[in-house]
file start.pdb (PDB, C-alpha atoms)
ATOM      1  CA  ASP G  29     146.646 115.897 -13.923
ATOM      2  CA  ALA G  30     142.931 115.808 -13.248
ATOM      3  CA  GLY G  31     140.945 117.450 -16.030
ATOM      4  CA  ILE G  32     139.864 120.650 -14.323
ATOM      5  CA  THR G  33     139.822 124.059 -15.928
ATOM      6  CA  GLN G  34     138.788 127.410 -14.532
ATOM      7  CA  SER G  35     137.781 130.496 -16.444
ATOM      8  CA  PRO G  36     138.683 133.246 -16.477
ATOM      9  CA  ARG G  37     142.135 132.847 -14.952
ATOM     10  CA  HIS G  38     142.396 136.531 -14.112
ATOM     11  CA  LYS G  39     139.724 139.176 -13.747
ATOM     12  CA  VAL G  40     139.604 142.769 -12.624
ATOM     13  CA  THR G  41     136.187 144.239 -11.939
ATOM     14  CA  GLU G  42     134.574 147.117 -10.120
ATOM     15  CA  THR G  43     132.598 147.130  -6.893
ATOM     16  CA  GLY G  44     128.925 146.397  -7.436
ATOM     17  CA  THR G  45     129.267 144.463 -10.682
ATOM     18  CA  PRO G  46     128.194 140.827 -11.022
ATOM     19  CA  VAL G  47     130.904 138.250 -11.651
ATOM     20  CA  THR G  48     130.654 134.593 -12.632
ATOM     21  CA  LEU G  49     133.518 132.146 -12.399
ATOM     22  CA  ARG G  50     133.350 128.819 -14.174
ATOM     23  CA  CYS G  51     134.791 125.457 -13.252
ATOM     24  CA  HIS G  52     134.754 122.672 -15.813
ATOM     25  CA  GLN G  53     135.780 119.042 -15.251
ATOM     26  CA  THR G  54     136.212 116.112 -17.588
ATOM     27  CA  GLU G  55     136.481 113.449 -14.856
ATOM     28  CA  ASN G  56     132.749 112.900 -14.285
ATOM     29  CA  HIS G  57     133.303 113.326 -10.531
ATOM     30  CA  ARG G  58     130.284 113.773  -8.315
ATOM     31  CA  TYR G  59     131.640 116.377  -5.903
ATOM     32  CA  MET G  60     132.730 119.884  -6.819
ATOM     33  CA  TYR G  61     133.951 122.649  -4.520
ATOM     34  CA  TRP G  62     134.675 126.350  -4.571
ATOM     35  CA  TYR G  63     137.317 127.742  -2.204
ATOM     36  CA  ARG G  64     138.913 131.099  -1.711
ATOM     37  CA  GLN G  65     142.496 131.547  -0.570
ATOM     38  CA  ASP G  66     143.610 134.623   1.328
ATOM     39  CA  PRO G  67     146.824 135.420   3.207
ATOM     40  CA  GLY G  68     146.441 134.592   6.878
ATOM     41  CA  HIS G  69     143.260 132.574   6.321
ATOM     42  CA  GLY G  70     144.354 129.735   4.119
ATOM     43  CA  LEU G  71     141.748 128.000   1.999
ATOM     44  CA  ARG G  72     138.119 128.367   3.037
ATOM     45  CA  LEU G  73     135.160 126.538   1.545
ATOM     46  CA  ILE G  74     132.547 128.782  -0.103
ATOM     47  CA  HIS G  75     130.062 126.262  -1.529
ATOM     48  CA  TYR G  76     130.126 122.706  -2.659
ATOM     49  CA  SER G  77     128.002 120.410  -4.804
ATOM     50  CA  TYR G  78     127.289 116.715  -4.303
ATOM     51  CA  GLY G  79     125.441 116.250  -7.578
ATOM     52  CA  VAL G  80     123.592 118.038 -10.345
ATOM     53  CA  LYS G  81     121.415 120.736  -8.759
ATOM     54  CA  ASP G  82     122.536 119.629  -5.267
ATOM     55  CA  THR G  83     124.571 122.264  -3.459
ATOM     56  CA  ASP G  84     125.389 123.244   0.102
ATOM     57  CA  LYS G  85     126.986 126.185   1.862
ATOM     58  CA  GLY G  86     130.491 126.243   3.185
ATOM     59  CA  GLU G  87     132.216 128.371   5.776
ATOM     60  CA  VAL G  88     132.176 131.690   3.868
ATOM     61  CA  SER G  89     129.097 131.558   1.625
ATOM     62  CA  ASP G  90     127.688 135.063   2.229
ATOM     63  CA  GLY G  91     127.718 137.118  -0.979
ATOM     64  CA  TYR G  92     128.163 134.066  -3.206
ATOM     65  CA  SER G  93     125.785 131.769  -5.057
ATOM     66  CA  VAL G  94     126.437 128.645  -7.116
ATOM     67  CA  SER G  95     124.743 126.569  -9.749
ATOM     68  CA  ARG G  96     125.350 123.154 -11.195
ATOM     69  CA  SER G  97     123.104 122.221 -14.115
ATOM     70  CA  LYS G  98     125.506 119.639 -15.568
ATOM     71  CA  THR G  99     127.930 117.207 -13.967
ATOM     72  CA  GLU G 100     130.904 118.881 -15.601
ATOM     73  CA  ASP G 101     130.215 122.541 -14.763
ATOM     74  CA  PHE G 102     130.043 124.377 -11.436
ATOM     75  CA  LEU G 103     129.502 128.130 -11.532
ATOM     76  CA  LEU G 104     130.294 130.597  -8.754
ATOM     77  CA  THR G 105     128.519 133.953  -8.902
ATOM     78  CA  LEU G 106     129.242 137.108  -6.987
ATOM     79  CA  GLU G 107     125.955 138.970  -7.351
ATOM     80  CA  SER G 108     127.464 142.357  -6.470
ATOM     81  CA  ALA G 109     131.217 142.205  -6.035
ATOM     82  CA  THR G 110     132.866 143.907  -3.063
ATOM     83  CA  SER G 111     136.527 144.663  -2.370
ATOM     84  CA  SER G 112     136.521 142.009   0.382
ATOM     85  CA  GLN G 113     135.939 139.419  -2.329
ATOM     86  CA  THR G 114     139.314 140.135  -3.894
ATOM     87  CA  SER G 115     140.983 136.756  -3.636
ATOM     88  CA  VAL G 116     142.242 133.709  -5.466
ATOM     89  CA  TYR G 117     139.418 131.271  -6.143
ATOM     90  CA  PHE G 118     140.039 127.566  -6.544
ATOM     91  CA  CYS G 119     137.724 124.894  -7.799
ATOM     92  CA  ALA G 120     138.197 121.288  -6.714
ATOM     93  CA  ILE G 121     136.601 117.974  -7.603
ATOM     94  CA  GLY G 122     136.252 114.696  -5.798
ATOM     95  CA  ALA G 123     134.763 111.263  -6.380
ATOM     96  CA  SER G 124     132.992 109.775  -3.379
ATOM     97  CA  GLU G 125     134.507 106.414  -4.172
ATOM     98  CA  GLY G 126     137.911 105.908  -2.638
ATOM     99  CA  GLY G 127     137.477 108.455   0.079
ATOM    100  CA  ASN G 128     136.908 111.523  -2.047
ATOM    101  CA  GLU G 129     140.444 112.596  -2.775
ATOM    102  CA  GLN G 130     140.300 116.192  -3.945
ATOM    103  CA  PHE G 131     141.927 117.543  -7.091
ATOM    104  CA  PHE G 132     142.322 121.238  -7.679
ATOM    105  CA  GLY G 133     142.065 123.529 -10.651
ATOM    106  CA  PRO G 134     144.664 126.218 -11.471
ATOM    107  CA  GLY G 135     142.772 129.052  -9.769
ATOM    108  CA  THR G 136     141.251 132.394 -10.729
ATOM    109  CA  ARG G 137     142.737 135.624  -9.430
ATOM    110  CA  LEU G 138     139.922 138.124  -8.917
ATOM    111  CA  THR G 139     140.523 141.783  -8.102
ATOM    112  CA  VAL G 140     137.587 143.981  -7.135
ATOM    113  CA  LEU G 141     138.413 147.689  -7.307
TER
ATOM    114  CA  LYS O  23     134.151 123.259  15.976
ATOM    115  CA  GLN O  24     136.928 121.421  14.162
ATOM    116  CA  GLU O  25     140.183 123.367  13.893
ATOM    117  CA  VAL O  26     143.261 122.413  11.890
ATOM    118  CA  THR O  27     146.680 123.778  12.830
ATOM    119  CA  GLN O  28     150.035 123.493  11.098
ATOM    120  CA  ILE O  29     153.164 124.435  12.991
ATOM    121  CA  PRO O  30     155.669 125.790  12.122
ATOM    122  CA  ALA O  31     154.399 128.264   9.558
ATOM    123  CA  ALA O  32     157.801 128.256   7.845
ATOM    124  CA  LEU O  33     160.808 125.961   7.849
ATOM    125  CA  SER O  34     164.245 126.061   6.210
ATOM    126  CA  VAL O  35     166.429 122.961   6.028
ATOM    127  CA  PRO O  36     169.622 121.975   4.206
ATOM    128  CA  GLU O  37     169.355 119.618   1.275
ATOM    129  CA  GLY O  38     169.408 115.933   2.173
ATOM    130  CA  GLU O  39     167.792 116.319   5.568
ATOM    131  CA  ASN O  40     164.847 114.168   6.587
ATOM    132  CA  LEU O  41     162.011 116.284   7.914
ATOM    133  CA  VAL O  42     158.574 116.079   9.482
ATOM    134  CA  LEU O  43     155.673 118.449   8.938
ATOM    135  CA  ASN O  44     152.882 118.492  11.491
ATOM    136  CA  CYS O  45     149.126 118.830  11.228
ATOM    137  CA  SER O  46     146.968 118.930  14.375
ATOM    138  CA  PHE O  47     143.204 118.800  14.648
ATOM    139  CA  THR O  48     140.793 119.174  17.542
ATOM    140  CA  ASP O  49     138.102 116.576  16.763
ATOM    141  CA  SER O  50     139.030 112.961  16.082
ATOM    142  CA  ALA O  51     135.797 112.242  14.190
ATOM    143  CA  ILE O  52     137.141 112.610  10.677
ATOM    144  CA  TYR O  53     136.393 110.967   7.355
ATOM    145  CA  ASN O  54     139.851 111.303   5.867
ATOM    146  CA  LEU O  55     142.888 113.567   5.778
ATOM    147  CA  GLN O  56     144.743 114.757   2.701
ATOM    148  CA  TRP O  57     148.154 116.368   2.238
ATOM    149  CA  PHE O  58     148.814 118.832  -0.580
ATOM    150  CA  ARG O  59     151.693 120.832  -1.912
ATOM    151  CA  GLN O  60     151.291 124.293  -3.415
ATOM    152  CA  ASP O  61     153.936 126.070  -5.442
ATOM    153  CA  PRO O  62     153.849 129.888  -5.561
ATOM    154  CA  GLY O  63     151.057 131.157  -7.797
ATOM    155  CA  LYS O  64     149.850 127.653  -8.556
ATOM    156  CA  GLY O  65     147.011 125.354  -7.589
ATOM    157  CA  LEU O  66     147.218 122.545  -5.066
ATOM    158  CA  THR O  67     148.686 119.166  -5.921
ATOM    159  CA  SER O  68     147.449 116.151  -3.999
ATOM    160  CA  LEU O  69     150.253 114.208  -2.314
ATOM    161  CA  LEU O  70     148.608 111.617  -0.084
ATOM    162  CA  LEU O  71     145.135 110.723   1.150
ATOM    163  CA  ILE O  72     144.687 108.810   4.408
ATOM    164  CA  GLN O  73     141.305 107.280   5.126
ATOM    165  CA  SER O  74     140.090 107.335   8.734
ATOM    166  CA  SER O  75     140.625 103.569   9.005
ATOM    167  CA  GLN O  76     144.255 103.820   7.873
ATOM    168  CA  ARG O  77     147.367 104.652   9.874
ATOM    169  CA  GLU O  78     149.678 105.723   7.081
ATOM    170  CA  GLN O  79     150.232 106.120   3.362
ATOM    171  CA  THR O  80     153.451 106.210   1.383
ATOM    172  CA  SER O  81     154.409 107.605  -1.989
ATOM    173  CA  GLY O  82     158.060 107.654  -2.981
ATOM    174  CA  ARG O  83     159.982 109.773  -0.447
ATOM    175  CA  LEU O  84     156.785 110.830   1.285
ATOM    176  CA  ASN O  85     155.078 109.103   4.177
ATOM    177  CA  ALA O  86     151.996 110.426   5.918
ATOM    178  CA  SER O  87     150.699 109.074   9.202
ATOM    179  CA  LEU O  88     147.427 109.571  11.016
ATOM    180  CA  ASP O  89     146.772 109.260  14.746
ATOM    181  CA  LYS O  90     143.161 110.196  15.379
ATOM    182  CA  SER O  91     143.338 109.626  19.135
ATOM    183  CA  SER O  92     145.990 112.317  19.509
ATOM    184  CA  GLY O  93     144.538 114.547  16.761
ATOM    185  CA  ARG O  94     147.698 114.519  14.725
ATOM    186  CA  SER O  95     148.990 113.763  11.259
ATOM    187  CA  THR O  96     152.597 114.004  10.130
ATOM    188  CA  LEU O  97     154.119 114.218   6.674
ATOM    189  CA  TYR O  98     157.624 112.754   6.546
ATOM    190  CA  ILE O  99     159.877 113.794   3.671
ATOM    191  CA  ALA O 100     163.021 111.732   3.247
ATOM    192  CA  ALA O 101     166.245 113.090   1.766
ATOM    193  CA  SER O 102     164.828 116.529   1.037
ATOM    194  CA  GLN O 103     165.707 118.264  -2.239
ATOM    195  CA  PRO O 104     165.488 121.906  -3.380
ATOM    196  CA  GLY O 105     162.572 120.859  -5.601
ATOM    197  CA  ASP O 106     160.598 120.033  -2.468
ATOM    198  CA  SER O 107     160.444 123.734  -1.636
ATOM    199  CA  ALA O 108     156.761 124.664  -1.528
ATOM    200  CA  THR O 109     153.922 125.221   0.895
ATOM    201  CA  TYR O 110     152.479 122.029   2.335
ATOM    202  CA  LEU O 111     148.850 121.971   3.416
ATOM    203  CA  CYS O 112     146.777 119.419   5.223
ATOM    204  CA  ALA O 113     142.996 119.201   4.947
ATOM    205  CA  LEU O 114     140.458 116.967   6.609
ATOM    206  CA  ALA O 115     136.834 116.086   6.166
ATOM    207  CA  PRO O 116     134.827 115.761   9.399
ATOM    208  CA  SER O 117     132.812 112.555   9.704
ATOM    209  CA  GLY O 118     129.548 112.608   7.811
ATOM    210  CA  THR O 119     130.561 115.359   5.441
ATOM    211  CA  TYR O 120     132.897 116.041   2.561
ATOM    212  CA  LYS O 121     133.294 119.678   3.600
ATOM    213  CA  TYR O 122     137.048 119.926   3.881
ATOM    214  CA  ILE O 123     138.788 122.130   6.438
ATOM    215  CA  PHE O 124     142.310 123.296   5.633
ATOM    216  CA  GLY O 125     145.266 124.180   7.782
ATOM    217  CA  THR O 126     147.144 127.376   6.927
ATOM    218  CA  GLY O 127     150.178 125.465   5.721
ATOM    219  CA  THR O 128     153.908 125.147   6.328
ATOM    220  CA  ARG O 129     156.170 126.986   3.898
ATOM    221  CA  LEU O 130     159.216 124.770   3.324
ATOM    222  CA  LYS O 131     162.495 125.910   1.846
ATOM    223  CA  VAL O 132     165.189 123.338   1.118
ATOM    224  CA  LEU O 133     168.577 124.949   0.711
ATOM    225  CA  ALA O 134     171.057 123.587  -1.855
TER
END
call {"tool": "encode", "arguments": {"input": "start.pdb", "output": "structure tokens"}}
result
Amino acid sequence: DAGITQSPRHKVTETGTPVTLRCHQTENHRYMYWYRQDPGHGLRLIHYSYGVKDTDKGEVSDGYSVSRSKTEDFLLTLESATSSQTSVYFCAIGASEGGNEQFFGPGTRLTVL
Amino acid sequence: KQEVTQIPAALSVPEGENLVLNCSFTDSAIYNLQWFRQDPGKGLTSLLLIQSSQREQTSGRLNASLDKSSGRSTLYIAASQPGDSATYLCALAPSGTYKYIFGTGTRLKVLA
């Protein structure tokens, strides 16, 4: 398995509070992604990074920000959580060489009350 | 706008049957296409990656094909087993970007 960890794995928080999810990789891959998975919508890209301090928006980026200060870490922040952000969040990594096959982390289940 | 569709949403087959899962897309300008499996409550496991210049990839009992002109990829599973029960997802990266777009998946159940 690709060396990807996500923390926390489960979190319950209240509306209006800030939340930060962490993705850590040991593969030294250039690309990192944050997705959310919801019933009826499948996986949707929130933000992705193509290098340290290089990030871009995905399909559903409103209400989320990201940072990548080191190759191995990609942080997703919900500045003020809302109930619509209750979801399962997955981090993925990819190396541009070889066509950028993606490998996924175990996911974080976030509940916003 | 690129759209990715997987039909059917769910499929039940008896053990031992060969089966085909479909993935359709609306724009043939893609970088690559990847098939995943997801078990309930788990992350995604990569099965096969097909580059835009390739027609197919094989791994064990799995074979994935890509036909960009018709906007279609298929995942063939030979001699299905109960352990193959999972949701199968396809994802593609449009040309010029590594922003992947996912289909909503096919939930497969292989009956013993």
call {"tool": "residues_around", "arguments": {"input": "start.pdb", "residues": "Asn56 of chain G", "least_positions_apart": "2", "cutoff": "9 Å", "atoms": "all atoms listed in the file", "output": "ChimeraX atom specification"}}
result
/G:53-54,58,99-100,123
call {"tool": "resolve_selection", "arguments": {"input": "start.pdb", "expression": "the ChimeraX specification (/G :<12) & /O", "output": "PDB file with C-alpha atoms, in the frame of the given file"}}
result
ATOM      1  CA  LYS O  23     134.151 123.259  15.976  1.00  0.00           C
ATOM      2  CA  GLN O  24     136.928 121.421  14.162  1.00  0.00           C
ATOM      3  CA  VAL O  26     143.261 122.413  11.890  1.00  0.00           C
ATOM      4  CA  THR O  27     146.680 123.778  12.830  1.00  0.00           C
ATOM      5  CA  GLN O  28     150.035 123.493  11.098  1.00  0.00           C
ATOM      6  CA  ALA O  31     154.399 128.264   9.558  1.00  0.00           C
ATOM      7  CA  ILE O  52     137.141 112.610  10.677  1.00  0.00           C
ATOM      8  CA  TYR O  53     136.393 110.967   7.355  1.00  0.00           C
ATOM      9  CA  ASN O  54     139.851 111.303   5.867  1.00  0.00           C
ATOM     10  CA  LEU O  55     142.888 113.567   5.778  1.00  0.00           C
ATOM     11  CA  GLN O  56     144.743 114.757   2.701  1.00  0.00           C
ATOM     12  CA  TRP O  57     148.154 116.368   2.238  1.00  0.00           C
ATOM     13  CA  PHE O  58     148.814 118.832  -0.580  1.00  0.00           C
ATOM     14  CA  ARG O  59     151.693 120.832  -1.912  1.00  0.00           C
ATOM     15  CA  GLN O  60     151.291 124.293  -3.415  1.00  0.00           C
ATOM     16  CA  ASP O  61     153.936 126.070  -5.442  1.00  0.00           C
ATOM     17  CA  PRO O  62     153.849 129.888  -5.561  1.00  0.00           C
ATOM     18  CA  GLY O  63     151.057 131.157  -7.797  1.00  0.00           C
ATOM     19  CA  LYS O  64     149.850 127.653  -8.556  1.00  0.00           C
ATOM     20  CA  GLY O  65     147.011 125.354  -7.589  1.00  0.00           C
ATOM     21  CA  LEU O  66     147.218 122.545  -5.066  1.00  0.00           C
ATOM     22  CA  THR O  67     148.686 119.166  -5.921  1.00  0.00           C
ATOM     23  CA  SER O  68     147.449 116.151  -3.999  1.00  0.00           C
ATOM     24  CA  LEU O  69     150.253 114.208  -2.314  1.00  0.00           C
ATOM     25  CA  LEU O  70     148.608 111.617  -0.084  1.00  0.00           C
ATOM     26  CA  LEU O  71     145.135 110.723   1.150  1.00  0.00           C
ATOM     27  CA  ILE O  72     144.687 108.810   4.408  1.00  0.00           C
ATOM     28  CA  GLN O  73     141.305 107.280   5.126  1.00  0.00           C
ATOM     29  CA  SER O  74     140.090 107.335   8.734  1.00  0.00           C
ATOM     30  CA  SER O  75     140.625 103.569   9.005  1.00  0.00           C
ATOM     31  CA  GLN O  76     144.255 103.820   7.873  1.00  0.00           C
ATOM     32  CA  THR O 109     153.922 125.221   0.895  1.00  0.00           C
ATOM     33  CA  TYR O 110     152.479 122.029   2.335  1.00  0.00           C
ATOM     34  CA  LEU O 111     148.850 121.971   3.416  1.00  0.00           C
ATOM     35  CA  CYS O 112     146.777 119.419   5.223  1.00  0.00           C
ATOM     36  CA  ALA O 113     142.996 119.201   4.947  1.00  0.00           C
ATOM     37  CA  LEU O 114     140.458 116.967   6.609  1.00  0.00           C
ATOM     38  CA  ALA O 115     136.834 116.086   6.166  1.00  0.00           C
ATOM     39  CA  SER O 117     132.812 112.555   9.704  1.00  0.00           C
ATOM     40  CA  GLY O 118     129.548 112.608   7.811  1.00  0.00           C
ATOM     41  CA  THR O 119     130.561 115.359   5.441  1.00  0.00           C
ATOM     42  CA  TYR O 120     132.897 116.041   2.561  1.00  0.00           C
ATOM     43  CA  LYS O 121     133.294 119.678   3.600  1.00  0.00           C
ATOM     44  CA  TYR O 122     137.048 119.926   3.881  1.00  0.00           C
ATOM     45  CA  ILE O 123     138.788 122.130   6.438  1.00  0.00           C
ATOM     46  CA  PHE O 124     142.310 123.296   5.633  1.00  0.00           C
ATOM     47  CA  GLY O 125     145.266 124.180   7.782  1.00  0.00           C
ATOM     48  CA  THR O 126     147.144 127.376   6.927  1.00  0.00           C
ATOM     49  CA  GLY O 127     150.178 125.465   5.721  1.00  0.00           C
ATOM     50  CA  THR O 128     153.908 125.147   6.328  1.00  0.00           C
TER      51      THR O 128
END
call {"tool": "resolve_selection", "arguments": {"input": "start.pdb", "expression": "the PyMOL selection byres ((chain G and resi 140) around 6)", "output": "list in words"}}
result
Val40, Thr41, Glu42, Thr43, Ser111, Thr114, Thr139 and Leu141 of chain G
call {"tool": "closest_residue", "arguments": {"input": "start.pdb", "among": "O:Thr80, O:Thr96, O:Asn85, O:Ser34", "to": "Ser46 of chain O", "atoms": "all atoms listed in the file"}}
result
O:Thr96
call {"tool": "atom_distance", "arguments": {"input": "start.pdb", "atom1": "atom CA of Gly31 of chain G", "atom2": "atom CA of Leu49 of chain G"}}
result
16.9 Å
call {"tool": "atom_distance", "arguments": {"input": "start.pdb", "atom1": "atom CA of Ile32 of chain G", "atom2": "atom CA of Gln79 of chain O"}}
result
25.1 Å
call {"tool": "decode", "arguments": {"input": "start.pdb", "residues": "segment 67-129 of chain G", "atoms": "C-alpha atoms", "output": "short mmCIF file (atom, residue, chain, number, x, y, z; two decimals), in the first residue's frame"}}
result
data_model
loop_
_atom_site.label_atom_id
_atom_site.label_comp_id
_atom_site.auth_asym_id
_atom_site.auth_seq_id
_atom_site.Cartn_x
_atom_site.Cartn_y
_atom_site.Cartn_z
CA PRO G 67 -24.07 9.63 -1.57
CA GLY G 68 -25.45 10.46 -5.00
CA HIS G 69 -22.47 12.63 -5.92
CA GLY G 70 -19.56 10.26 -5.88
CA LEU G 71 -16.09 11.67 -5.37
CA ARG G 72 -15.58 15.36 -6.12
CA LEU G 73 -12.27 17.20 -6.18
CA ILE G 74 -11.94 20.00 -3.62
CA HIS G 75 -8.35 21.19 -4.13
CA TYR G 76 -5.16 19.75 -5.42
CA SER G 77 -1.45 20.54 -5.21
CA TYR G 78 1.19 20.10 -7.90
CA GLY G 79 4.13 20.99 -5.67
CA VAL G 80 5.14 22.72 -2.47
CA LYS G 81 3.10 25.93 -2.16
CA ASP G 82 1.46 25.24 -5.55
CA THR G 83 -2.27 24.58 -5.28
CA ASP G 84 -5.35 24.86 -7.46
CA LYS G 85 -9.09 24.70 -6.99
CA GLY G 86 -11.23 21.75 -7.85
CA GLU G 87 -14.92 21.37 -8.52
CA VAL G 88 -16.20 22.09 -4.99
CA SER G 89 -13.63 24.44 -3.42
CA ASP G 90 -15.98 27.00 -1.81
CA GLY G 91 -15.61 26.99 1.98
CA TYR G 92 -12.29 25.14 1.89
CA SER G 93 -8.66 26.22 1.85
CA VAL G 94 -5.46 24.18 1.59
CA SER G 95 -1.79 24.54 2.33
CA ARG G 96 1.27 22.58 1.40
CA SER G 97 4.49 23.77 3.04
CA LYS G 98 6.28 20.41 2.71
CA THR G 99 6.19 17.71 0.06
CA GLU G 100 4.80 15.17 2.50
CA ASP G 101 1.93 17.17 4.05
CA PHE G 102 -1.25 18.59 2.54
CA LEU G 103 -3.70 20.29 4.89
CA LEU G 104 -7.39 20.92 4.23
CA THR G 105 -9.05 23.62 6.33
CA LEU G 106 -12.71 24.36 6.78
CA GLU G 107 -12.59 27.93 8.07
CA SER G 108 -16.12 27.81 9.51
CA ALA G 109 -17.69 24.38 9.23
CA THR G 110 -21.26 24.01 7.99
CA SER G 111 -23.60 21.01 8.06
CA SER G 112 -23.27 20.72 4.26
CA GLN G 113 -19.61 19.86 4.79
CA THR G 114 -20.51 16.66 6.61
CA SER G 115 -18.85 14.08 4.40
CA VAL G 116 -16.07 11.55 4.04
CA TYR G 117 -12.85 13.24 2.96
CA PHE G 118 -10.18 11.38 1.04
CA CYS G 119 -6.65 12.40 0.30
CA ALA G 120 -4.85 11.01 -2.75
CA ILE G 121 -1.34 11.24 -4.14
CA GLY G 122 0.11 10.86 -7.58
CA ALA G 123 3.49 11.01 -9.29
CA SER G 124 3.50 12.77 -12.64
CA GLU G 125 5.81 10.12 -14.01
CA GLY G 126 3.99 7.12 -15.39
CA GLY G 127 0.75 8.90 -15.99
CA ASN G 128 -0.02 9.99 -12.46
CA GLU G 129 -1.72 6.92 -11.08
#
